[in-house]
Amino acid sequence: MLLFQSKNQRYLQMLERAKMMDAPDFAKLRKIFAMTELYDPYDLQIADWREKARTAWGKSEFAEVVRYGKQILEKNFIDLEAHFLLWQAMKQLGKNEQADYHLQIFSGLCDSIRKSGDGKTPQTAFQLLSADEETIFLRSMNLKFKEAKRMQIDNSRFDVVLAEEQKSQTAQKLYFNIDIPYQWMQKRFS
């Protein structure tokens with residue numbers, strides 16, 4: 001238990017620095033978060049809030065988007081889609097400083113995924129903490145999700161995603177390593 005407590009404490013310390021934009025290392029923050037007891041890549045409450053935020057966005061109810069986005073971040077500060085939605089909603093509400101804050105965090109989190117690999121092969125796959133990150137990460141690269149399939153090589157699992165460049169409509173195949181959420185699920189249900 002002491003090991004988990006120290007990882008939780010280390011994560012919370014890093015999280016406070018990241019929230020203040022005090023030279024955050026988003027790659028390290030993501031890695032440590034996945035080792036804590038707080039990590040749950042299949043959190044149904046977050047999935048519900050995320051869906052409500054998307055619905056509110058579709059209705060131009062930006063204050064509701066902000067409410068649900070903040071609820072998500074209370075449980076999972078590194079949620080890509082929450083920061084993306086908060087950035088967009090804050091912009092719509094004229095809260096430019098807060099919009100910029102969420103854009104910086106969203107960009108930092110996406111950069112940490114981008115730096116984890118190039119996604120061109122299983123060996124250089126992008127490292128994900130949840131499958132939910134795929135679609136929003138693709139958006140950050142101006143790619144549109146088309147389809148995905150799962151594959152296993154040795155003991156590693158991947159999502160192989162076919163995505164399309166939004167302007168040229170050129171198709172790309174990208175590999176996402178999903179070992180971390182898969183291993184979490186295996187431990188949880190074994």
# chains A, B, ... in the order shown; residues from 1 in each chain; ligands from 1

call {"tool": "residues_around", "arguments": {"residues": "stretch 127-141 of chain A", "least_positions_apart": "4", "cutoff": "8 Å", "atoms": "only C-alpha atoms", "output": "PyMOL selection string"}}
result
chain A and resi 30+34+41-42+79-81+110+113+116-117+145+163+176-178+180-181

call {"tool": "closest_residue", "arguments": {"among": "A:Thr121, A:Lys28, A:Leu174, A:Ile105", "to": "A:Lys146", "atoms": "only C-alpha atoms"}}
result
A:Leu174

call {"tool": "closest_residue", "arguments": {"among": "A:Trp87, A:Phe189, A:Trp184, A:Trp57", "to": "A:Thr36", "atoms": "only C-alpha atoms"}}
result
A:Trp184

call {"tool": "select_by_dssp", "arguments": {"residues": "chain A", "states": "helix (DSSP H, G or I)", "output": "ChimeraX atom specification"}}
result
/A:2-19,26-33,44-58,62-75,80-92,96-114,122-124,133-140,179-188

call {"tool": "atom_distance", "arguments": {"atom1": "atom CA of A:Pro122", "atom2": "atom CA of A:Leu162"}}
result
13.9 Å

call {"tool": "select_by_dssp", "arguments": {"residues": "chain A", "states": "strand (DSSP E or B)", "output": "MDAnalysis selection string"}}
result
chainID A and resid 126:127 143:153 156:165 171:177

call {"tool": "write_last_selection", "arguments": {"atoms": "N, CA and C atoms", "output": "CSV table (one decimal), in the first residue's frame"}}
result
chain,number,residue,atom,x,y,z
A,126,PHE,N,1.9,5.2,-31.0
A,126,PHE,CA,1.6,6.2,-30.0
A,126,PHE,C,1.1,5.4,-28.7
A,127,GLN,N,1.5,5.9,-27.6
A,127,GLN,CA,1.1,5.3,-26.3
A,127,GLN,C,-0.1,6.0,-25.7
A,143,LEU,N,-6.8,15.0,-38.4
A,143,LEU,CA,-7.2,13.7,-39.0
A,143,LEU,C,-8.5,13.4,-38.5
A,144,LYS,N,-9.3,12.7,-39.3
A,144,LYS,CA,-10.6,12.2,-39.0
A,144,LYS,C,-10.6,10.7,-38.9
A,145,PHE,N,-11.1,10.2,-37.8
A,145,PHE,CA,-11.2,8.8,-37.5
A,145,PHE,C,-12.2,8.1,-38.5
A,146,LYS,N,-11.7,7.0,-39.2
A,146,LYS,CA,-12.6,6.3,-40.1
A,146,LYS,C,-13.0,4.9,-39.6
A,147,GLU,N,-12.0,4.2,-39.1
A,147,GLU,CA,-12.2,2.8,-38.6
A,147,GLU,C,-11.0,2.4,-37.8
A,148,ALA,N,-11.3,1.3,-37.0
A,148,ALA,CA,-10.2,0.8,-36.2
A,148,ALA,C,-10.4,-0.7,-36.0
A,149,LYS,N,-9.3,-1.4,-35.8
A,149,LYS,CA,-9.3,-2.8,-35.5
A,149,LYS,C,-8.2,-3.1,-34.4
A,150,ARG,N,-8.4,-4.1,-33.6
A,150,ARG,CA,-7.5,-4.5,-32.6
A,150,ARG,C,-6.6,-5.6,-33.1
A,151,MET,N,-5.3,-5.5,-32.7
A,151,MET,CA,-4.4,-6.6,-33.0
A,151,MET,C,-3.5,-6.8,-31.8
A,152,GLN,N,-2.9,-8.0,-31.8
A,152,GLN,CA,-1.9,-8.3,-30.7
A,152,GLN,C,-0.7,-8.8,-31.4
A,153,ILE,N,0.5,-8.3,-30.9
A,153,ILE,CA,1.8,-8.8,-31.3
A,153,ILE,C,2.5,-9.2,-30.0
A,156,SER,N,1.7,-7.4,-26.6
A,156,SER,CA,1.3,-6.1,-26.7
A,156,SER,C,0.0,-6.0,-27.6
A,157,ARG,N,-0.9,-5.1,-27.2
A,157,ARG,CA,-2.1,-4.9,-27.9
A,157,ARG,C,-2.1,-3.5,-28.5
A,158,PHE,N,-2.7,-3.4,-29.7
A,158,PHE,CA,-2.8,-2.2,-30.4
A,158,PHE,C,-4.1,-1.9,-31.0
A,159,ASP,N,-4.5,-0.7,-31.2
A,159,ASP,CA,-5.6,-0.3,-32.1
A,159,ASP,C,-4.9,0.2,-33.3
A,160,VAL,N,-5.3,-0.4,-34.5
A,160,VAL,CA,-4.8,0.1,-35.8
A,160,VAL,C,-5.9,0.9,-36.4
A,161,VAL,N,-5.6,2.2,-36.5
A,161,VAL,CA,-6.7,3.2,-36.9
A,161,VAL,C,-6.4,3.6,-38.3
A,162,LEU,N,-7.5,3.6,-39.1
A,162,LEU,CA,-7.5,4.3,-40.4
A,162,LEU,C,-8.1,5.6,-40.2
A,163,ALA,N,-7.3,6.6,-40.6
A,163,ALA,CA,-7.7,8.0,-40.4
A,163,ALA,C,-7.5,8.8,-41.7
A,164,GLU,N,-8.2,9.9,-41.9
A,164,GLU,CA,-8.2,10.6,-43.1
A,164,GLU,C,-7.8,12.1,-42.8
A,165,GLU,N,-6.9,12.6,-43.6
A,165,GLU,CA,-6.6,14.0,-43.5
A,165,GLU,C,-7.8,14.8,-43.9
A,171,ALA,N,-5.7,8.9,-46.8
A,171,ALA,CA,-5.8,8.0,-45.7
A,171,ALA,C,-4.5,7.7,-45.1
A,172,GLN,N,-4.5,7.5,-43.8
A,172,GLN,CA,-3.3,7.1,-43.0
A,172,GLN,C,-3.6,5.9,-42.1
A,173,LYS,N,-2.7,5.0,-41.9
A,173,LYS,CA,-2.9,4.0,-41.0
A,173,LYS,C,-1.9,4.3,-39.8
A,174,LEU,N,-2.5,4.3,-38.6
A,174,LEU,CA,-1.7,4.7,-37.4
A,174,LEU,C,-1.9,3.6,-36.3
A,175,TYR,N,-0.9,3.4,-35.6
A,175,TYR,CA,-0.9,2.4,-34.5
A,175,TYR,C,-0.9,3.1,-33.2
A,176,PHE,N,-1.8,2.6,-32.3
A,176,PHE,CA,-1.9,3.1,-30.9
A,176,PHE,C,-1.7,1.9,-30.0
A,177,ASN,N,-0.7,2.0,-29.1
A,177,ASN,CA,-0.4,1.0,-28.1
A,177,ASN,C,-1.4,1.2,-27.0

call {"tool": "residues_around", "arguments": {"residues": "A:Arg67", "least_positions_apart": "4", "cutoff": "12 Å", "atoms": "only C-alpha atoms", "output": "list in words"}}
result
Trp49, Arg50, Lys52, Ala53, Arg54, Ala56, Trp57, Glu61, Phe62, Ala63, Gln71, Ile72, Leu73, Glu74, Ala82, Leu85, Leu86, Ala89 and Met90 of chain A

call {"tool": "closest_residue", "arguments": {"among": "A:Glu37, A:Ser168, A:Leu29, A:Lys59", "to": "A:Asn8", "atoms": "only C-alpha atoms"}}
result
A:Glu37

call {"tool": "residues_around", "arguments": {"residues": "A:Lys91", "least_positions_apart": "4", "cutoff": "12 Å", "atoms": "only C-alpha atoms", "output": "PyMOL selection string"}}
result
chain A and resi 62-63+65-66+84-87+95-103

call {"tool": "write_last_selection", "arguments": {"atoms": "C-alpha atoms", "output": "PDB file, in the first residue's frame"}}
result
ATOM      1  CA  PHE A  62     -21.421  26.469 -23.301  1.00  0.00           C
ATOM      2  CA  ALA A  63     -21.865  27.003 -19.551  1.00  0.00           C
ATOM      3  CA  VAL A  65     -20.015  22.250 -21.333  1.00  0.00           C
ATOM      4  CA  VAL A  66     -17.839  24.047 -18.793  1.00  0.00           C
ATOM      5  CA  PHE A  84     -10.503  20.459 -25.715  1.00  0.00           C
ATOM      6  CA  LEU A  85     -14.166  21.117 -24.893  1.00  0.00           C
ATOM      7  CA  LEU A  86     -13.270  23.602 -22.152  1.00  0.00           C
ATOM      8  CA  TRP A  87     -10.956  25.454 -24.516  1.00  0.00           C
ATOM      9  CA  LYS A  95     -13.211  33.817 -21.295  1.00  0.00           C
ATOM     10  CA  ASN A  96     -10.036  33.984 -23.345  1.00  0.00           C
ATOM     11  CA  GLU A  97      -7.547  33.578 -20.515  1.00  0.00           C
ATOM     12  CA  GLN A  98      -9.244  30.386 -19.332  1.00  0.00           C
ATOM     13  CA  ALA A  99      -9.559  29.198 -22.945  1.00  0.00           C
ATOM     14  CA  ASP A 100      -5.812  29.706 -23.435  1.00  0.00           C
ATOM     15  CA  TYR A 101      -5.087  27.779 -20.232  1.00  0.00           C
ATOM     16  CA  HIS A 102      -7.014  24.725 -21.472  1.00  0.00           C
ATOM     17  CA  LEU A 103      -5.483  25.035 -24.930  1.00  0.00           C
TER      18      LEU A 103
END
